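> Please find one structure pasted underneath; my questions will follow.
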Amino acid sequence: MVSHVVPVEPFDLIVFGATGDLAQRKLIPALYHRLADGQMPDTARVIGVARSGEGTEAFRALASAALDAHITPAHLTGDLRRRFLSCLEFVALDVTGDTGWDALRQLLDTQENRVRAFYMSVAPRFFSPIAHGIRKAGLGGPDARIVVEKPLGHDLASARALNQHLGECFSEHQIYRIDHYLGKETVQNLMALRFANTLFEPLWNAQYIDHVQITVAENVGIEGRGPYYDTIGAMRDMVQNHLLQLLCLTAMEPPAQFEPDAVRDEKLKVLKALEPLAHKSDAVRGQYRASGKSRSYREDAENPDSHTESFVALRLGVSNWRWAGVPFYLRTGKRLRNRVSEIVIQFRNVPHSIFSPEGGAPHSNVLAIRLQPDEGITLSVTIKDPGPGGMRLTDTQLDMSFSEGLKRPVDRMPDAYERLVMDVIRGDQTLFMRGDEVEAAWKWTDMVISGWNPQEAPHPYDAGSSGPEDALMLMHRDGRRWREIAI
Ligand code: NDP
Ligand code: BG6
């Protein structure tokens, strides 16, 4: 999986918030793997920035601990660790003030003519001060890149304001808005499956597809993010970004090229074609309650009266020629039975069965694209049950799991950040959201949320279950059912 790497040019990656959780848990390990696989050159520099810190040696020690915590021992050798840590530098800087920028400039100036990428691994209120600080200190030329992480606003108005602030200092082609779901291996595989094969695309429409299900189920709760999450909820935290992005890639028309604006133009068309929810009951909000050893959402959020949803299920339509009449069912939630993310394409039944009813009816085909765990793609097909028992029909799974399909063992699946950070360095924006996409996603999200009564408590569901009963009803009333969130 990780053997075909094209090395990138030497670069300077400046990570604002380098001592924080995201940087230590995701970015540092991702960069280590890129160095280990020969993609990141030893001459690249990762310059950590934060207010507090004892300098480069202390930062290297912190990063070394992050490698111990997040890299499996089989992938962590002493030589690689040494090589990786020697790429790290640290500059103490409060992004809201004026001091420290000179030191950063001096360090950057020791290497000229290389890609500079500024990664904002800090709270969103710092995005604008950092962008202006970079400009004021003259650190970012026309080729510099900035990387921003969600939350990219909490509604359309704030997303527009953020786009405007970033746009005051950087051009759109310099702004990399991360949705880490786009960096997941199987998500990219969805595009290969659809657009590098003739098999599926002719069937990829309302004539052959009965409905689409997109599930992102988590078994974790809100994990110490209580006060923040309680102001956000599942709709803003997960649907506005990750689930809508998955929907876009599933529903979009083939772009003319696999090229940033061509792909993003097609995704934008899908977002603009999202229908308003037809009925109030097309959205089900849920909140987990205590069960077994698990605490309730309200205990986790430390808000005994919270009406914030930790689960949401939706039934929506995409109003265009290809998808007219095909429901898309989306659901996501915390403290569910298991961690499962998948896109399920349920094809229609055959128009007529030629087989006798005693042998069983043909089942409709199901294409399941699993993002996690066990990344891979399965296609269920109806076959004859082997043996001399007459024409009896049964289901079988064609399993296109990576290790099977590639005929070589998959050593490990690269984390989404590995791909995304290298794409920033390469200057490839294909897997990053454009400003207008983010705004279109917020416009639809705001419309859905505005239909909710904030005084109404979400439907309770047991921690460790598959979500509230009403979410099951959302599909049952259409004569359909969710795929099980299997243990
Ligand atoms: P943390 O609170 O763990 O880290 C924040 C970092 O910012 C620290 O290094 C902190 O160091 C630094 N910082 C804070 N204030 C300043 C300042 N004025 N000047 C310079 N540096 C400053 O946050 P996370 O790492 O969890 O999150 C960072 C961003 O990424 C947030 O926007 C978050 O929403 C987003 N995100 C996080 C994810 C995660 O998994 N953690 C996932 C997706 C998005 P110091 O205090 O020493 O200055
Ligand atoms: C983040 C959300 O964007 O994605 C979290 O803010 C969520 O609430 C996380 O837990 C899920 O990401 P993954 O990659 O673990 O599925």
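Convention: chains lettered A, B, ... in structure tokens order; per-chain residue numbering from 1; ligands numbered from 1 as shown.
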At a cut-off of 6 Å, can you tabulate as JSON lines every residue of chain A near ligand 1 together with its closest atom pair and the distance in Å to one decimal, using only C-alpha atoms and all ligand atoms and ordering rows by chain then number?


{"residue": "A:Phe16", "atom": "CA", "partner": "ligand 1", "partner_atom_place_in_ligand_line": "21 (N)", "distance": 5.9}
{"residue": "A:Gly17", "atom": "CA", "partner": "ligand 1", "partner_atom_place_in_ligand_line": "9 (O)", "distance": 3.3}
{"residue": "A:Ala18", "atom": "CA", "partner": "ligand 1", "partner_atom_place_in_ligand_line": "9 (O)", "distance": 4.7}
{"residue": "A:Thr19", "atom": "CA", "partner": "ligand 1", "partner_atom_place_in_ligand_line": "9 (O)", "distance": 3.7}
{"residue": "A:Gly20", "atom": "CA", "partner": "ligand 1", "partner_atom_place_in_ligand_line": "4 (O)", "distance": 3.2}
{"residue": "A:Asp21", "atom": "CA", "partner": "ligand 1", "partner_atom_place_in_ligand_line": "25 (O)", "distance": 3.7}
{"residue": "A:Leu22", "atom": "CA", "partner": "ligand 1", "partner_atom_place_in_ligand_line": "25 (O)", "distance": 3.7}
{"residue": "A:Ala23", "atom": "CA", "partner": "ligand 1", "partner_atom_place_in_ligand_line": "25 (O)", "distance": 5.7}
{"residue": "A:Ala50", "atom": "CA", "partner": "ligand 1", "partner_atom_place_in_ligand_line": "21 (N)", "distance": 3.7}
{"residue": "A:Arg51", "atom": "CA", "partner": "ligand 1", "partner_atom_place_in_ligand_line": "48 (O)", "distance": 3.5}
{"residue": "A:Ser52", "atom": "CA", "partner": "ligand 1", "partner_atom_place_in_ligand_line": "47 (O)", "distance": 3.8}
{"residue": "A:Leu93", "atom": "CA", "partner": "ligand 1", "partner_atom_place_in_ligand_line": "20 (C)", "distance": 5.6}
{"residue": "A:Asp94", "atom": "CA", "partner": "ligand 1", "partner_atom_place_in_ligand_line": "19 (N)", "distance": 3.6}
{"residue": "A:Val95", "atom": "CA", "partner": "ligand 1", "partner_atom_place_in_ligand_line": "19 (N)", "distance": 4.0}
{"residue": "A:Thr96", "atom": "CA", "partner": "ligand 1", "partner_atom_place_in_ligand_line": "18 (N)", "distance": 5.4}
{"residue": "A:Ser121", "atom": "CA", "partner": "ligand 1", "partner_atom_place_in_ligand_line": "28 (C)", "distance": 4.3}
{"residue": "A:Val122", "atom": "CA", "partner": "ligand 1", "partner_atom_place_in_ligand_line": "28 (C)", "distance": 3.9}
{"residue": "A:Ala123", "atom": "CA", "partner": "ligand 1", "partner_atom_place_in_ligand_line": "32 (O)", "distance": 3.7}
{"residue": "A:Pro124", "atom": "CA", "partner": "ligand 1", "partner_atom_place_in_ligand_line": "32 (O)", "distance": 5.0}
{"residue": "A:Glu149", "atom": "CA", "partner": "ligand 1", "partner_atom_place_in_ligand_line": "44 (C)", "distance": 5.2}
{"residue": "A:Lys150", "atom": "CA", "partner": "ligand 1", "partner_atom_place_in_ligand_line": "44 (C)", "distance": 5.1}
{"residue": "A:Pro151", "atom": "CA", "partner": "ligand 1", "partner_atom_place_in_ligand_line": "34 (O)", "distance": 5.6}

> With N, CA, C and O atoms retained, write the just-selected residues as a PDB file, in the first residue's frame.


ATOM      1  N   PHE A  16       1.224  26.120  13.177  1.00  0.00           N
ATOM      2  CA  PHE A  16       0.759  26.930  14.311  1.00  0.00           C
ATOM      3  C   PHE A  16      -0.076  26.033  15.212  1.00  0.00           C
ATOM      4  O   PHE A  16      -0.991  25.357  14.739  1.00  0.00           O
ATOM      5  N   GLY A  17       0.239  26.015  16.496  1.00  0.00           N
ATOM      6  CA  GLY A  17      -0.464  25.106  17.413  1.00  0.00           C
ATOM      7  C   GLY A  17       0.183  23.733  17.435  1.00  0.00           C
ATOM      8  O   GLY A  17      -0.483  22.721  17.652  1.00  0.00           O
ATOM      9  N   ALA A  18       1.511  23.717  17.237  1.00  0.00           N
ATOM     10  CA  ALA A  18       2.218  22.442  17.053  1.00  0.00           C
ATOM     11  C   ALA A  18       2.300  21.599  18.315  1.00  0.00           C
ATOM     12  O   ALA A  18       2.633  20.411  18.251  1.00  0.00           O
ATOM     13  N   THR A  19       2.023  22.209  19.476  1.00  0.00           N
ATOM     14  CA  THR A  19       2.094  21.412  20.705  1.00  0.00           C
ATOM     15  C   THR A  19       0.715  20.867  21.087  1.00  0.00           C
ATOM     16  O   THR A  19       0.569  20.200  22.110  1.00  0.00           O
ATOM     17  N   GLY A  20      -0.310  21.176  20.277  1.00  0.00           N
ATOM     18  CA  GLY A  20      -1.682  20.784  20.616  1.00  0.00           C
ATOM     19  C   GLY A  20      -2.015  19.362  20.196  1.00  0.00           C
ATOM     20  O   GLY A  20      -1.191  18.635  19.618  1.00  0.00           O
ATOM     21  N   ASP A  21      -3.250  18.993  20.474  1.00  0.00           N
ATOM     22  CA  ASP A  21      -3.704  17.619  20.276  1.00  0.00           C
ATOM     23  C   ASP A  21      -3.654  17.190  18.809  1.00  0.00           C
ATOM     24  O   ASP A  21      -3.126  16.127  18.475  1.00  0.00           O
ATOM     25  N   LEU A  22      -4.208  17.998  17.930  1.00  0.00           N
ATOM     26  CA  LEU A  22      -4.264  17.611  16.508  1.00  0.00           C
ATOM     27  C   LEU A  22      -2.856  17.425  15.951  1.00  0.00           C
ATOM     28  O   LEU A  22      -2.565  16.434  15.269  1.00  0.00           O
ATOM     29  N   ALA A  23      -1.975  18.376  16.241  1.00  0.00           N
ATOM     30  CA  ALA A  23      -0.615  18.309  15.706  1.00  0.00           C
ATOM     31  C   ALA A  23       0.120  17.073  16.228  1.00  0.00           C
ATOM     32  O   ALA A  23       0.757  16.340  15.468  1.00  0.00           O
ATOM     33  N   ALA A  50       4.040  27.814  18.876  1.00  0.00           N
ATOM     34  CA  ALA A  50       3.051  27.888  19.960  1.00  0.00           C
ATOM     35  C   ALA A  50       3.546  28.968  20.916  1.00  0.00           C
ATOM     36  O   ALA A  50       4.682  29.448  20.774  1.00  0.00           O
ATOM     37  N   ARG A  51       2.680  29.373  21.855  1.00  0.00           N
ATOM     38  CA  ARG A  51       3.129  30.420  22.791  1.00  0.00           C
ATOM     39  C   ARG A  51       4.155  29.857  23.754  1.00  0.00           C
ATOM     40  O   ARG A  51       5.220  30.408  23.962  1.00  0.00           O
ATOM     41  N   SER A  52       3.788  28.716  24.374  1.00  0.00           N
ATOM     42  CA  SER A  52       4.693  28.193  25.398  1.00  0.00           C
ATOM     43  C   SER A  52       5.501  27.042  24.818  1.00  0.00           C
ATOM     44  O   SER A  52       5.016  26.298  23.964  1.00  0.00           O
ATOM     45  N   LEU A  93       5.807  31.918  19.754  1.00  0.00           N
ATOM     46  CA  LEU A  93       5.144  33.070  19.134  1.00  0.00           C
ATOM     47  C   LEU A  93       3.683  33.093  19.571  1.00  0.00           C
ATOM     48  O   LEU A  93       3.000  32.069  19.513  1.00  0.00           O
ATOM     49  N   ASP A  94       3.223  34.251  20.031  1.00  0.00           N
ATOM     50  CA  ASP A  94       1.790  34.409  20.306  1.00  0.00           C
ATOM     51  C   ASP A  94       1.187  35.045  19.057  1.00  0.00           C
ATOM     52  O   ASP A  94       1.515  36.182  18.709  1.00  0.00           O
ATOM     53  N   VAL A  95       0.311  34.326  18.389  1.00  0.00           N
ATOM     54  CA  VAL A  95      -0.160  34.801  17.083  1.00  0.00           C
ATOM     55  C   VAL A  95      -1.001  36.072  17.192  1.00  0.00           C
ATOM     56  O   VAL A  95      -1.258  36.732  16.189  1.00  0.00           O
ATOM     57  N   THR A  96      -1.423  36.420  18.415  1.00  0.00           N
ATOM     58  CA  THR A  96      -2.215  37.636  18.562  1.00  0.00           C
ATOM     59  C   THR A  96      -1.316  38.856  18.810  1.00  0.00           C
ATOM     60  O   THR A  96      -1.808  39.975  18.897  1.00  0.00           O
ATOM     61  N   SER A 121      -3.217  24.774  13.036  1.00  0.00           N
ATOM     62  CA  SER A 121      -3.731  23.752  13.948  1.00  0.00           C
ATOM     63  C   SER A 121      -4.080  24.401  15.283  1.00  0.00           C
ATOM     64  O   SER A 121      -3.595  24.012  16.345  1.00  0.00           O
ATOM     65  N   VAL A 122      -4.874  25.433  15.172  1.00  0.00           N
ATOM     66  CA  VAL A 122      -5.261  26.251  16.334  1.00  0.00           C
ATOM     67  C   VAL A 122      -6.762  26.515  16.269  1.00  0.00           C
ATOM     68  O   VAL A 122      -7.391  26.254  15.246  1.00  0.00           O
ATOM     69  N   ALA A 123      -7.308  27.093  17.330  1.00  0.00           N
ATOM     70  CA  ALA A 123      -8.739  27.422  17.335  1.00  0.00           C
ATOM     71  C   ALA A 123      -9.045  28.427  16.208  1.00  0.00           C
ATOM     72  O   ALA A 123      -8.200  29.272  15.878  1.00  0.00           O
ATOM     73  N   PRO A 124     -10.242  28.340  15.639  1.00  0.00           N
ATOM     74  CA  PRO A 124     -10.580  29.183  14.475  1.00  0.00           C
ATOM     75  C   PRO A 124     -10.459  30.682  14.720  1.00  0.00           C
ATOM     76  O   PRO A 124     -10.223  31.435  13.778  1.00  0.00           O
ATOM     77  N   GLU A 149      -8.461  23.947   9.255  1.00  0.00           N
ATOM     78  CA  GLU A 149      -9.186  22.756   9.716  1.00  0.00           C
ATOM     79  C   GLU A 149     -10.584  23.150  10.109  1.00  0.00           C
ATOM     80  O   GLU A 149     -10.834  24.287  10.481  1.00  0.00           O
ATOM     81  N   LYS A 150     -11.493  22.192  10.122  1.00  0.00           N
ATOM     82  CA  LYS A 150     -12.804  22.495  10.662  1.00  0.00           C
ATOM     83  C   LYS A 150     -12.701  22.813  12.154  1.00  0.00           C
ATOM     84  O   LYS A 150     -11.756  22.338  12.780  1.00  0.00           O
ATOM     85  N   PRO A 151     -13.598  23.539  12.751  1.00  0.00           N
ATOM     86  CA  PRO A 151     -14.824  24.054  12.153  1.00  0.00           C
ATOM     87  C   PRO A 151     -14.581  25.269  11.253  1.00  0.00           C
ATOM     88  O   PRO A 151     -13.938  26.228  11.683  1.00  0.00           O
TER      89      PRO A 151
END

> Kindly work out which residues sit at most 10 Å from ligand 2, using only C-alpha atoms and all ligand atoms, and give the list as a ChimeraX atom specification.

/A:149-151,178-181,183-184,216-223,225,229,232-234,236-239,241-242,310,332-334,339-341,371-373,415-417

> Which residue out of A:Val46, A:Val344, A:Ala283, A:Ile383 has the minimum interatomic distance to Gly359 of chain A when only C-alpha atoms are used?

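Nearest to Gly359 of chain A: A:Ile383.
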
> Could you check which of A:Leu336, A:Glu375, A:Met447, A:Ser380 is closest to Pro468 of chain A, using only C-alpha atoms?

A:Leu336

> Running DSSP on the backbone, which parts of segment 189-297 of chain A land in alpha helix (DSSP H), as a PyMOL selection string?

chain A and resi 189-195+226-229+233-234+244-251+260-273+297

> I need the chosen residues saved as an mmCIF file, in the first residue's frame, with N, CA and C atoms.


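What landed in out-v6.cif:
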data_model
loop_
_atom_site.group_PDB
_atom_site.id
_atom_site.type_symbol
_atom_site.label_atom_id
_atom_site.label_comp_id
_atom_site.auth_asym_id
_atom_site.auth_seq_id
_atom_site.Cartn_x
_atom_site.Cartn_y
_atom_site.Cartn_z
ATOM 1 N N ASN A 189 -10.976 5.716 -3.240
ATOM 2 C CA ASN A 189 -11.266 4.519 -4.022
ATOM 3 C C ASN A 189 -12.662 4.574 -4.631
ATOM 4 N N LEU A 190 -13.568 5.257 -3.938
ATOM 5 C CA LEU A 190 -14.917 5.418 -4.486
ATOM 6 C C LEU A 190 -14.841 6.106 -5.847
ATOM 7 N N MET A 191 -13.965 7.103 -5.942
ATOM 8 C CA MET A 191 -13.838 7.805 -7.217
ATOM 9 C C MET A 191 -13.218 6.888 -8.274
ATOM 10 N N ALA A 192 -12.229 6.087 -7.861
ATOM 11 C CA ALA A 192 -11.641 5.143 -8.819
ATOM 12 C C ALA A 192 -12.689 4.133 -9.265
ATOM 13 N N LEU A 193 -13.447 3.634 -8.297
ATOM 14 C CA LEU A 193 -14.471 2.634 -8.624
ATOM 15 C C LEU A 193 -15.472 3.190 -9.633
ATOM 16 N N ARG A 194 -15.926 4.405 -9.381
ATOM 17 C CA ARG A 194 -16.940 5.001 -10.258
ATOM 18 C C ARG A 194 -16.365 5.388 -11.614
ATOM 19 N N PHE A 195 -15.189 6.009 -11.609
ATOM 20 C CA PHE A 195 -14.762 6.662 -12.840
ATOM 21 C C PHE A 195 -13.605 5.964 -13.557
ATOM 22 N N GLY A 226 -16.979 18.207 25.779
ATOM 23 C CA GLY A 226 -18.346 18.529 26.171
ATOM 24 C C GLY A 226 -18.801 19.954 25.911
ATOM 25 N N PRO A 227 -18.165 20.937 26.568
ATOM 26 C CA PRO A 227 -18.657 22.310 26.437
ATOM 27 C C PRO A 227 -18.670 22.784 24.979
ATOM 28 N N TYR A 228 -17.645 22.385 24.210
ATOM 29 C CA TYR A 228 -17.618 22.788 22.800
ATOM 30 C C TYR A 228 -18.709 22.061 22.012
ATOM 31 N N TYR A 229 -18.722 20.732 22.140
ATOM 32 C CA TYR A 229 -19.658 19.938 21.341
ATOM 33 C C TYR A 229 -21.094 20.324 21.638
ATOM 34 N N GLY A 233 -23.322 20.075 18.185
ATOM 35 C CA GLY A 233 -24.199 18.951 17.854
ATOM 36 C C GLY A 233 -23.774 18.226 16.586
ATOM 37 N N ALA A 234 -24.365 17.069 16.384
ATOM 38 C CA ALA A 234 -23.945 16.160 15.301
ATOM 39 C C ALA A 234 -24.179 16.755 13.916
ATOM 40 N N LEU A 244 -21.826 15.200 4.099
ATOM 41 C CA LEU A 244 -22.181 15.845 2.824
ATOM 42 C C LEU A 244 -21.070 15.657 1.791
ATOM 43 N N GLN A 245 -19.831 15.624 2.237
ATOM 44 C CA GLN A 245 -18.740 15.372 1.287
ATOM 45 C C GLN A 245 -18.850 13.957 0.713
ATOM 46 N N LEU A 246 -19.177 13.001 1.575
ATOM 47 C CA LEU A 246 -19.339 11.623 1.075
ATOM 48 C C LEU A 246 -20.506 11.567 0.092
ATOM 49 N N LEU A 247 -21.571 12.273 0.441
ATOM 50 C CA LEU A 247 -22.728 12.302 -0.458
ATOM 51 C C LEU A 247 -22.335 12.903 -1.817
ATOM 52 N N CYS A 248 -21.576 13.986 -1.775
ATOM 53 C CA CYS A 248 -21.158 14.632 -3.028
ATOM 54 C C CYS A 248 -20.375 13.673 -3.926
ATOM 55 N N LEU A 249 -19.426 12.961 -3.321
ATOM 56 C CA LEU A 249 -18.596 12.068 -4.144
ATOM 57 C C LEU A 249 -19.422 10.912 -4.693
ATOM 58 N N THR A 250 -20.455 10.524 -3.951
ATOM 59 C CA THR A 250 -21.315 9.439 -4.410
ATOM 60 C C THR A 250 -22.222 9.919 -5.542
ATOM 61 N N ALA A 251 -22.703 11.156 -5.416
ATOM 62 C CA ALA A 251 -23.763 11.607 -6.322
ATOM 63 C C ALA A 251 -23.270 12.433 -7.504
ATOM 64 N N PRO A 260 -8.474 19.716 -9.559
ATOM 65 C CA PRO A 260 -9.171 20.343 -8.433
ATOM 66 C C PRO A 260 -10.486 21.030 -8.772
ATOM 67 N N ASP A 261 -10.479 21.977 -9.687
ATOM 68 C CA ASP A 261 -11.718 22.717 -9.882
ATOM 69 C C ASP A 261 -12.768 21.898 -10.608
ATOM 70 N N ALA A 262 -12.340 20.966 -11.461
ATOM 71 C CA ALA A 262 -13.322 20.123 -12.142
ATOM 72 C C ALA A 262 -14.083 19.278 -11.121
ATOM 73 N N VAL A 263 -13.359 18.694 -10.164
ATOM 74 C CA VAL A 263 -14.005 17.866 -9.130
ATOM 75 C C VAL A 263 -14.872 18.745 -8.236
ATOM 76 N N ARG A 264 -14.340 19.879 -7.850
ATOM 77 C CA ARG A 264 -15.075 20.716 -6.891
ATOM 78 C C ARG A 264 -16.292 21.374 -7.534
ATOM 79 N N ASP A 265 -16.216 21.659 -8.829
ATOM 80 C CA ASP A 265 -17.407 22.173 -9.531
ATOM 81 C C ASP A 265 -18.533 21.146 -9.459
ATOM 82 N N GLU A 266 -18.187 19.867 -9.669
ATOM 83 C CA GLU A 266 -19.230 18.826 -9.674
ATOM 84 C C GLU A 266 -19.805 18.630 -8.270
ATOM 85 N N LYS A 267 -18.948 18.697 -7.263
ATOM 86 C CA LYS A 267 -19.461 18.554 -5.886
ATOM 87 C C LYS A 267 -20.379 19.722 -5.547
ATOM 88 N N LEU A 268 -19.993 20.897 -5.994
ATOM 89 C CA LEU A 268 -20.813 22.078 -5.704
ATOM 90 C C LEU A 268 -22.208 21.930 -6.317
ATOM 91 N N LYS A 269 -22.272 21.367 -7.534
ATOM 92 C CA LYS A 269 -23.584 21.187 -8.176
ATOM 93 C C LYS A 269 -24.472 20.281 -7.338
ATOM 94 N N VAL A 270 -23.870 19.248 -6.734
ATOM 95 C CA VAL A 270 -24.664 18.350 -5.882
ATOM 96 C C VAL A 270 -25.187 19.123 -4.671
ATOM 97 N N LEU A 271 -24.311 19.888 -4.041
ATOM 98 C CA LEU A 271 -24.733 20.638 -2.837
ATOM 99 C C LEU A 271 -25.871 21.598 -3.174
ATOM 100 N N LYS A 272 -25.777 22.181 -4.359
ATOM 101 C CA LYS A 272 -26.832 23.119 -4.753
ATOM 102 C C LYS A 272 -28.124 22.396 -5.107
ATOM 103 N N ALA A 273 -28.017 21.108 -5.409
ATOM 104 C CA ALA A 273 -29.220 20.344 -5.792
ATOM 105 C C ALA A 273 -29.865 19.639 -4.592
ATOM 106 N N TYR A 297 -25.185 11.425 27.621
ATOM 107 C CA TYR A 297 -24.649 12.604 26.938
ATOM 108 C C TYR A 297 -24.659 13.799 27.889
#

> Which residues, written as a PDB file with N, CA, C and O atoms, in the first residue's frame, have at least one atom at most 10 Å from segment 36-40 of chain A, with only C-alpha atoms counted and residues fewer than 6 positions away on the same chain left out?


ATOM      1  N   VAL A   2       2.027   1.166   0.642  1.00  0.00           N
ATOM      2  CA  VAL A   2       2.784   2.402   0.781  1.00  0.00           C
ATOM      3  C   VAL A   2       4.082   2.361  -0.030  1.00  0.00           C
ATOM      4  O   VAL A   2       4.989   3.101   0.227  1.00  0.00           O
ATOM      5  N   SER A   3       4.147   1.488  -1.038  1.00  0.00           N
ATOM      6  CA  SER A   3       5.431   1.340  -1.709  1.00  0.00           C
ATOM      7  C   SER A   3       5.603   2.301  -2.892  1.00  0.00           C
ATOM      8  O   SER A   3       6.707   2.612  -3.264  1.00  0.00           O
ATOM      9  N   HIS A   4       4.477   2.764  -3.504  1.00  0.00           N
ATOM     10  CA  HIS A   4       4.626   3.606  -4.698  1.00  0.00           C
ATOM     11  C   HIS A   4       4.596   5.065  -4.294  1.00  0.00           C
ATOM     12  O   HIS A   4       3.565   5.702  -4.358  1.00  0.00           O
ATOM     13  N   VAL A   5       5.712   5.593  -3.847  1.00  0.00           N
ATOM     14  CA  VAL A   5       5.690   6.982  -3.415  1.00  0.00           C
ATOM     15  C   VAL A   5       6.555   7.831  -4.321  1.00  0.00           C
ATOM     16  O   VAL A   5       7.620   7.416  -4.757  1.00  0.00           O
ATOM     17  N   VAL A   6       6.059   9.013  -4.608  1.00  0.00           N
ATOM     18  CA  VAL A   6       6.841   9.957  -5.386  1.00  0.00           C
ATOM     19  C   VAL A   6       7.322  11.019  -4.397  1.00  0.00           C
ATOM     20  O   VAL A   6       6.506  11.699  -3.779  1.00  0.00           O
ATOM     21  N   PRO A   7       8.640  11.142  -4.221  1.00  0.00           N
ATOM     22  CA  PRO A   7       9.134  12.111  -3.232  1.00  0.00           C
ATOM     23  C   PRO A   7       8.701  13.530  -3.603  1.00  0.00           C
ATOM     24  O   PRO A   7       8.593  13.871  -4.770  1.00  0.00           O
ATOM     25  N   VAL A   8       8.418  14.325  -2.586  1.00  0.00           N
ATOM     26  CA  VAL A   8       8.085  15.728  -2.839  1.00  0.00           C
ATOM     27  C   VAL A   8       9.359  16.556  -2.706  1.00  0.00           C
ATOM     28  O   VAL A   8      10.366  16.086  -2.164  1.00  0.00           O
ATOM     29  N   GLU A   9       9.306  17.757  -3.210  1.00  0.00           N
ATOM     30  CA  GLU A   9      10.451  18.665  -3.109  1.00  0.00           C
ATOM     31  C   GLU A   9      10.649  19.067  -1.637  1.00  0.00           C
ATOM     32  O   GLU A   9       9.684  19.044  -0.864  1.00  0.00           O
ATOM     33  N   PRO A  10      11.856  19.478  -1.258  1.00  0.00           N
ATOM     34  CA  PRO A  10      12.054  19.970   0.113  1.00  0.00           C
ATOM     35  C   PRO A  10      11.070  21.111   0.410  1.00  0.00           C
ATOM     36  O   PRO A  10      10.760  21.907  -0.473  1.00  0.00           O
ATOM     37  N   PHE A  11      10.551  21.142   1.629  1.00  0.00           N
ATOM     38  CA  PHE A  11       9.536  22.148   1.968  1.00  0.00           C
ATOM     39  C   PHE A  11       9.720  22.620   3.404  1.00  0.00           C
ATOM     40  O   PHE A  11      10.417  21.978   4.194  1.00  0.00           O
ATOM     41  N   ALA A  30       1.813  11.501  10.989  1.00  0.00           N
ATOM     42  CA  ALA A  30       1.635  11.444   9.529  1.00  0.00           C
ATOM     43  C   ALA A  30       2.935  11.808   8.824  1.00  0.00           C
ATOM     44  O   ALA A  30       3.369  11.138   7.881  1.00  0.00           O
ATOM     45  N   HIS A  75       6.987  -0.009  13.159  1.00  0.00           N
ATOM     46  CA  HIS A  75       7.290   1.046  12.183  1.00  0.00           C
ATOM     47  C   HIS A  75       8.204   2.120  12.742  1.00  0.00           C
ATOM     48  O   HIS A  75       8.504   3.099  12.063  1.00  0.00           O
ATOM     49  N   LEU A  76       8.623   1.932  13.990  1.00  0.00           N
ATOM     50  CA  LEU A  76       9.388   2.995  14.647  1.00  0.00           C
ATOM     51  C   LEU A  76      10.815   2.532  14.902  1.00  0.00           C
ATOM     52  O   LEU A  76      11.079   1.795  15.849  1.00  0.00           O
ATOM     53  N   THR A  77      11.745   2.961  14.052  1.00  0.00           N
ATOM     54  CA  THR A  77      13.132   2.558  14.280  1.00  0.00           C
ATOM     55  C   THR A  77      13.919   3.759  14.807  1.00  0.00           C
ATOM     56  O   THR A  77      13.559   4.912  14.554  1.00  0.00           O
ATOM     57  N   ASP A  79      16.779   4.888  13.918  1.00  0.00           N
ATOM     58  CA  ASP A  79      17.383   5.718  12.885  1.00  0.00           C
ATOM     59  C   ASP A  79      16.352   6.677  12.291  1.00  0.00           C
ATOM     60  O   ASP A  79      16.598   7.879  12.127  1.00  0.00           O
ATOM     61  N   LEU A  80      15.148   6.141  11.994  1.00  0.00           N
ATOM     62  CA  LEU A  80      14.092   6.983  11.418  1.00  0.00           C
ATOM     63  C   LEU A  80      13.669   8.061  12.408  1.00  0.00           C
ATOM     64  O   LEU A  80      13.413   9.200  12.040  1.00  0.00           O
ATOM     65  N   ARG A  81      13.566   7.677  13.668  1.00  0.00           N
ATOM     66  CA  ARG A  81      13.177   8.652  14.685  1.00  0.00           C
ATOM     67  C   ARG A  81      14.188   9.811  14.699  1.00  0.00           C
ATOM     68  O   ARG A  81      13.822  10.972  14.695  1.00  0.00           O
ATOM     69  N   ARG A  83      16.240  10.744  12.324  1.00  0.00           N
ATOM     70  CA  ARG A  83      16.152  11.536  11.077  1.00  0.00           C
ATOM     71  C   ARG A  83      14.934  12.458  11.110  1.00  0.00           C
ATOM     72  O   ARG A  83      14.997  13.602  10.699  1.00  0.00           O
ATOM     73  N   PHE A  84      13.813  11.905  11.604  1.00  0.00           N
ATOM     74  CA  PHE A  84      12.592  12.714  11.613  1.00  0.00           C
ATOM     75  C   PHE A  84      12.723  13.893  12.587  1.00  0.00           C
ATOM     76  O   PHE A  84      12.431  15.039  12.245  1.00  0.00           O
ATOM     77  N   MET A 422       0.747  15.834   2.184  1.00  0.00           N
ATOM     78  CA  MET A 422       1.603  15.753   0.991  1.00  0.00           C
ATOM     79  C   MET A 422       0.943  16.452  -0.204  1.00  0.00           C
ATOM     80  O   MET A 422       1.615  17.062  -1.029  1.00  0.00           O
ATOM     81  N   ILE A 425       1.723  20.068  -0.024  1.00  0.00           N
ATOM     82  CA  ILE A 425       3.090  20.361  -0.486  1.00  0.00           C
ATOM     83  C   ILE A 425       3.151  20.290  -2.013  1.00  0.00           C
ATOM     84  O   ILE A 425       3.782  21.118  -2.663  1.00  0.00           O
TER      85      ILE A 425
END

> Could you tell me which of A:Leu67, A:Ile47, A:Leu13, A:Val350 comes closest to Ala103 of chain A if we count only C-alpha atoms?

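That would be A:Ile47, the residue with the smallest distance to Ala103 of chain A.
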
> Name the closest residue to Gln188 of chain A among the candidates A:Val49, A:Leu431, A:Asp300, A:Glu418; distances are taken between atoms, counting only C-alpha atoms.

A:Leu431
